[in-house]
Amino acid sequence: MQPFVVTSDLGAAAIEPDSGYADPVLTTQSLAKRARELGAPICEGMRVTALRVEAGRVRGLQTTAGDIAADRIVLAAGPWTVGLLRQAGIELNVWPVRAEIAFVRRPPNLADGHFVYLDHKSGSYFRPTREGLSLLGTGTARRPLDYSQMDSYDEGSTERIVTVIRERIRERAPALADAPLARGHAGLYDMSPDEKAILDRVPGVDGAYMAVGFSGTGFKTAPAVGACMTELIREGRARTVDITPFRWSRFEEKAPLHGSAEYVERYPMH
Ligand SMILES: Cc1cc2nc3c(=O)[nH]c(=O)nc-3n(C[C@H](O)[C@H](O)[C@H](O)COP(=O)(O)OP(=O)(O)OC[C@H]3O[C@@H](n4cnc5c(N)ncnc54)[C@H](O)[C@@H]3O)c2cc1C
């Protein structure tokens with residue numbers, strides 16, 4: 001189906017005919033546009049500096065643009081959630097990890113694009129973009145970044161990672177490994193101990209909720225998470241899907257979340 005891909009070293013692979021990718025910027029902006037149409041104000045450039053909590057109940061937020069009263073809040077600030085909860089005396093077991101991706105110009109024989117690949121054998125993933133590029137990345141990154149660097153880390157991609165990405169992609173798609181680099185960038189994963197999200201109430205602070213710890217998988221699940229968190233807040237429990245497996249107490253209970261047939265990674269660390 002995709003002759004440019006090397007498969008001779010593979011015993012088996014799975015294909016998902018209905019899967020694909022969504023442009024992250026367009027998706028985010030579309031969701032924001034619809035939220036505004038439905039009456040949700042979106043305040044950009046405003047930083048939450050503290051939660052306002054009285055007698056174990058949330059009263060609102062302190063922000064760089066003044067206080068906001070609220071009796072329900074959702075903490076969904078990625079790894080920055082840790083600092084906000086720490087101020088309220090709660091230590092969240094989530095940490096930042098810097099992850100990099102590179103974009104290369106697709107060679108002419110791949111002008112029409114290619115499938116989306118997630119390849120744990122070579123420790124790489126790649127997908128086409130609309131502008132004639134291919135996005136290349138490595139497997140899950142796990143080296144923690146110091147919390148103090150979350151606002152100052154390098155958002156560009158480094159030569160080291162581009163070399164690592166090229167080496168790994170070469171095993172599966174040599175044509176992409178040799179394609180010219182267009183650009184690259186880095187962002188933060190908010191890692192949890194079992195690499196699954198924490199979707200829950202904040203214990204000890206009535207009215208506060210958290211959706212955090214997505215560990216590099218929070219984009220594709222965002223609409224479902226939004227629906228479930230809304231139901232949890234408004235109706236007391238999520239009904240779109242049962243999110244109790246994502247409760248925070250699973251770590252204390254020594255019941256981390258693992259799928260029954262998870263892929264095995266050859267390169268757990270880089
Ligand atoms: C390189 C890379 C590739 C990825 N690829 C995929 C993928 O293929 N599929 C997938 O599903 N996921 C992927 N992810 C993960 C996905 O991007 C995240 O899981 C998702 O963006 C998490 O969304 P979020 O809204 O919880 O947090 P974030 O996107 O981190 O947003 C948190 C927001 O909170 C803001 N904030 C922080 N502190 C404050 C404060 N005090 N006051 C106000 N605002 C604050 C931040 O500025 C930020 O805008 C990838 C991530 C990276 C870095």
# chains A, B, ... in the order shown; residues from 1 in each chain; ligands from 1
>>> closest_atom_pairs(of="chain A", to="ligand 1", cutoff="7 Å", atoms="only C-alpha atoms and all ligand atoms", output="JSON lines")
{"residue": "A:Met46", "atom": "CA", "partner": "ligand 1", "partner_atom_place_in_ligand_line": "43 (C)", "distance": 6.0}
{"residue": "A:Arg47", "atom": "CA", "partner": "ligand 1", "partner_atom_place_in_ligand_line": "42 (N)", "distance": 3.6}
{"residue": "A:Val48", "atom": "CA", "partner": "ligand 1", "partner_atom_place_in_ligand_line": "42 (N)", "distance": 3.7}
{"residue": "A:Thr49", "atom": "CA", "partner": "ligand 1", "partner_atom_place_in_ligand_line": "41 (N)", "distance": 5.5}
{"residue": "A:Ala76", "atom": "CA", "partner": "ligand 1", "partner_atom_place_in_ligand_line": "26 (O)", "distance": 5.0}
{"residue": "A:Ala77", "atom": "CA", "partner": "ligand 1", "partner_atom_place_in_ligand_line": "34 (O)", "distance": 3.6}
{"residue": "A:Gly78", "atom": "CA", "partner": "ligand 1", "partner_atom_place_in_ligand_line": "30 (O)", "distance": 4.0}
{"residue": "A:Pro79", "atom": "CA", "partner": "ligand 1", "partner_atom_place_in_ligand_line": "30 (O)", "distance": 6.7}
{"residue": "A:Trp80", "atom": "CA", "partner": "ligand 1", "partner_atom_place_in_ligand_line": "38 (N)", "distance": 4.7}
{"residue": "A:Thr81", "atom": "CA", "partner": "ligand 1", "partner_atom_place_in_ligand_line": "38 (N)", "distance": 6.5}
{"residue": "A:Leu84", "atom": "CA", "partner": "ligand 1", "partner_atom_place_in_ligand_line": "41 (N)", "distance": 6.8}
{"residue": "A:Arg98", "atom": "CA", "partner": "ligand 1", "partner_atom_place_in_ligand_line": "53 (C)", "distance": 6.7}
{"residue": "A:Ala99", "atom": "CA", "partner": "ligand 1", "partner_atom_place_in_ligand_line": "1 (C)", "distance": 4.7}
{"residue": "A:Glu100", "atom": "CA", "partner": "ligand 1", "partner_atom_place_in_ligand_line": "1 (C)", "distance": 4.9}
{"residue": "A:Ile101", "atom": "CA", "partner": "ligand 1", "partner_atom_place_in_ligand_line": "1 (C)", "distance": 5.3}
{"residue": "A:Ala186", "atom": "CA", "partner": "ligand 1", "partner_atom_place_in_ligand_line": "1 (C)", "distance": 5.5}
{"residue": "A:Gly187", "atom": "CA", "partner": "ligand 1", "partner_atom_place_in_ligand_line": "53 (C)", "distance": 3.6}
{"residue": "A:Leu188", "atom": "CA", "partner": "ligand 1", "partner_atom_place_in_ligand_line": "53 (C)", "distance": 4.5}
{"residue": "A:Tyr189", "atom": "CA", "partner": "ligand 1", "partner_atom_place_in_ligand_line": "53 (C)", "distance": 5.2}
{"residue": "A:Ala211", "atom": "CA", "partner": "ligand 1", "partner_atom_place_in_ligand_line": "26 (O)", "distance": 6.5}
{"residue": "A:Val212", "atom": "CA", "partner": "ligand 1", "partner_atom_place_in_ligand_line": "26 (O)", "distance": 5.6}
{"residue": "A:Phe214", "atom": "CA", "partner": "ligand 1", "partner_atom_place_in_ligand_line": "19 (O)", "distance": 4.7}
{"residue": "A:Ser215", "atom": "CA", "partner": "ligand 1", "partner_atom_place_in_ligand_line": "19 (O)", "distance": 6.0}
{"residue": "A:Gly216", "atom": "CA", "partner": "ligand 1", "partner_atom_place_in_ligand_line": "15 (C)", "distance": 3.6}
{"residue": "A:Thr217", "atom": "CA", "partner": "ligand 1", "partner_atom_place_in_ligand_line": "11 (O)", "distance": 3.5}
{"residue": "A:Gly218", "atom": "CA", "partner": "ligand 1", "partner_atom_place_in_ligand_line": "19 (O)", "distance": 3.0}
{"residue": "A:Phe219", "atom": "CA", "partner": "ligand 1", "partner_atom_place_in_ligand_line": "11 (O)", "distance": 3.5}
{"residue": "A:Lys220", "atom": "CA", "partner": "ligand 1", "partner_atom_place_in_ligand_line": "11 (O)", "distance": 3.8}
{"residue": "A:Thr221", "atom": "CA", "partner": "ligand 1", "partner_atom_place_in_ligand_line": "11 (O)", "distance": 6.1}
>>> select_by_dssp(residues="range 14-189 of chain A", states="strand (DSSP E)", output="ChimeraX atom specification")
/A:48-54,57-63,66-69,73-75,95-105,117-119,124-128,133-138,181-189
>>> closest_residue(among="A:Ala224, A:Gly83, A:Leu92, A:Gly184", to="Ser249 in chain A", atoms="only C-alpha atoms")
A:Leu92
>>> residues_around(residues="Tyr21 in chain A", least_positions_apart="2", cutoff="8 Å", atoms="only C-alpha atoms", output="list in words")
Ser19, Asp23, Val116 and Arg127 of chain A
>>> atom_distance(atom1="CA of Pro223 in chain A", atom2="CA of Thr240 in chain A")
10.8 Å
>>> residues_around(residues="Gly56 in chain A", least_positions_apart="5", cutoff="9 Å", atoms="only C-alpha atoms", output="number ranges by chain")
A: 204-206
>>> write_last_selection(atoms="C-alpha atoms", output="PDB file, in the first residue's frame")
ATOM      1  CA  GLY A 204     -10.100  18.786  49.903  1.00  0.00           C
ATOM      2  CA  VAL A 205     -11.146  21.733  47.713  1.00  0.00           C
ATOM      3  CA  ASP A 206     -14.885  21.601  46.998  1.00  0.00           C
TER       4      ASP A 206
END
>>> select_by_dssp(residues="range 150-263 of chain A", states="helix (DSSP H, G or I)", output="ChimeraX atom specification")
/A:159-172,174-177,222-235,244-246,248-250
>>> residues_around(residues="Leu135 in chain A", least_positions_apart="6", cutoff="7 Å", atoms="only C-alpha atoms", output="VMD selection string")
chain A and resid 101 to 104 126 to 129
>>> closest_atom_pairs(of="range 83-128 of chain A", to="range 170-175 of chain A", cutoff="9 Å", atoms="only C-alpha atoms", output="Markdown table")
| residue | atom | partner | partner_atom | distance |
| --- | --- | --- | --- | --- |
| A:Arg106 | CA | A:Ala175 | CA | 8.4 |
| A:Pro107 | CA | A:Ala175 | CA | 7.2 |
| A:Leu110 | CA | A:Ala175 | CA | 8.9 |
| A:Asp119 | CA | A:Arg172 | CA | 8.3 |
| A:Ser122 | CA | A:Glu171 | CA | 6.3 |
| A:Ser124 | CA | A:Arg172 | CA | 8.7 |
>>> closest_residue(among="A:Asp151, A:Thr138, A:Ile15, A:Lys33", to="Glu167 in chain A", atoms="only C-alpha atoms")
A:Thr138
>>> closest_atom_pairs(of="range 61-164 of chain A", to="range 50-55 of chain A", cutoff="12 Å", atoms="only C-alpha atoms", output="JSON lines")
{"residue": "A:Leu61", "atom": "CA", "partner": "A:Leu51", "partner_atom": "CA", "distance": 4.6}
{"residue": "A:Gln62", "atom": "CA", "partner": "A:Ala50", "partner_atom": "CA", "distance": 5.1}
{"residue": "A:Thr63", "atom": "CA", "partner": "A:Ala50", "partner_atom": "CA", "distance": 7.1}
{"residue": "A:Thr64", "atom": "CA", "partner": "A:Ala50", "partner_atom": "CA", "distance": 9.8}
{"residue": "A:Gly66", "atom": "CA", "partner": "A:Ala50", "partner_atom": "CA", "distance": 10.9}
{"residue": "A:Asp67", "atom": "CA", "partner": "A:Arg52", "partner_atom": "CA", "distance": 8.7}
{"residue": "A:Ile68", "atom": "CA", "partner": "A:Arg52", "partner_atom": "CA", "distance": 9.1}
{"residue": "A:Ala69", "atom": "CA", "partner": "A:Arg52", "partner_atom": "CA", "distance": 8.5}
{"residue": "A:Ala70", "atom": "CA", "partner": "A:Arg52", "partner_atom": "CA", "distance": 9.0}
{"residue": "A:Asp71", "atom": "CA", "partner": "A:Val53", "partner_atom": "CA", "distance": 9.7}
{"residue": "A:Arg72", "atom": "CA", "partner": "A:Leu51", "partner_atom": "CA", "distance": 11.1}
{"residue": "A:Ile73", "atom": "CA", "partner": "A:Leu51", "partner_atom": "CA", "distance": 9.1}
{"residue": "A:Val74", "atom": "CA", "partner": "A:Leu51", "partner_atom": "CA", "distance": 10.8}
{"residue": "A:Leu75", "atom": "CA", "partner": "A:Leu51", "partner_atom": "CA", "distance": 9.8}
{"residue": "A:Trp80", "atom": "CA", "partner": "A:Ala50", "partner_atom": "CA", "distance": 11.7}
{"residue": "A:Thr81", "atom": "CA", "partner": "A:Ala50", "partner_atom": "CA", "distance": 10.6}
{"residue": "A:Val82", "atom": "CA", "partner": "A:Ala50", "partner_atom": "CA", "distance": 11.7}
{"residue": "A:Gly83", "atom": "CA", "partner": "A:Ala50", "partner_atom": "CA", "distance": 9.1}
{"residue": "A:Leu84", "atom": "CA", "partner": "A:Ala50", "partner_atom": "CA", "distance": 6.2}
{"residue": "A:Leu85", "atom": "CA", "partner": "A:Leu51", "partner_atom": "CA", "distance": 8.1}
{"residue": "A:Arg86", "atom": "CA", "partner": "A:Ala50", "partner_atom": "CA", "distance": 9.8}
{"residue": "A:Gln87", "atom": "CA", "partner": "A:Ala50", "partner_atom": "CA", "distance": 7.0}
{"residue": "A:Ala88", "atom": "CA", "partner": "A:Leu51", "partner_atom": "CA", "distance": 7.2}
{"residue": "A:Gly89", "atom": "CA", "partner": "A:Leu51", "partner_atom": "CA", "distance": 11.0}
{"residue": "A:Ile90", "atom": "CA", "partner": "A:Leu51", "partner_atom": "CA", "distance": 11.8}
>>> residues_around(residues="Asp9 in chain A", least_positions_apart="2", cutoff="12 Å", atoms="only C-alpha atoms", output="ChimeraX atom specification")
/A:5-7,11-13,121-122,171-172
>>> closest_residue(among="A:Pro24, A:Tyr153, A:Pro144, A:His120", to="Leu10 in chain A", atoms="only C-alpha atoms")
A:His120
>>> residues_around(residues="range 252-259 of chain A", least_positions_apart="4", cutoff="9 Å", atoms="only C-alpha atoms", output="VMD selection string")
chain A and resid 193 to 196 245 to 246 248
>>> write_last_selection(atoms="N, CA and C atoms", output="compact mmCIF listing (two decimals), in the first residue's frame")
# COMPACT_ATOMS: atom_id res chain seq x y z
N PRO A 193 2.49 9.25 36.44
CA PRO A 193 3.26 8.01 36.65
C PRO A 193 2.88 6.86 35.72
N ASP A 194 1.59 6.73 35.34
CA ASP A 194 1.23 5.64 34.41
C ASP A 194 0.96 6.16 32.99
N GLU A 195 1.36 7.42 32.77
CA GLU A 195 1.23 8.04 31.45
C GLU A 195 -0.22 8.10 30.97
N LYS A 196 -1.15 8.20 31.91
CA LYS A 196 -2.56 8.39 31.59
C LYS A 196 -3.05 9.63 32.33
N PRO A 245 -11.67 5.15 36.15
CA PRO A 245 -10.31 4.63 36.06
C PRO A 245 -9.25 5.75 36.06
N PHE A 246 -9.65 6.98 35.72
CA PHE A 246 -8.71 8.10 35.66
C PHE A 246 -8.65 8.88 36.97
N TRP A 248 -7.60 10.27 40.59
CA TRP A 248 -6.23 10.52 41.07
C TRP A 248 -5.81 9.47 42.10
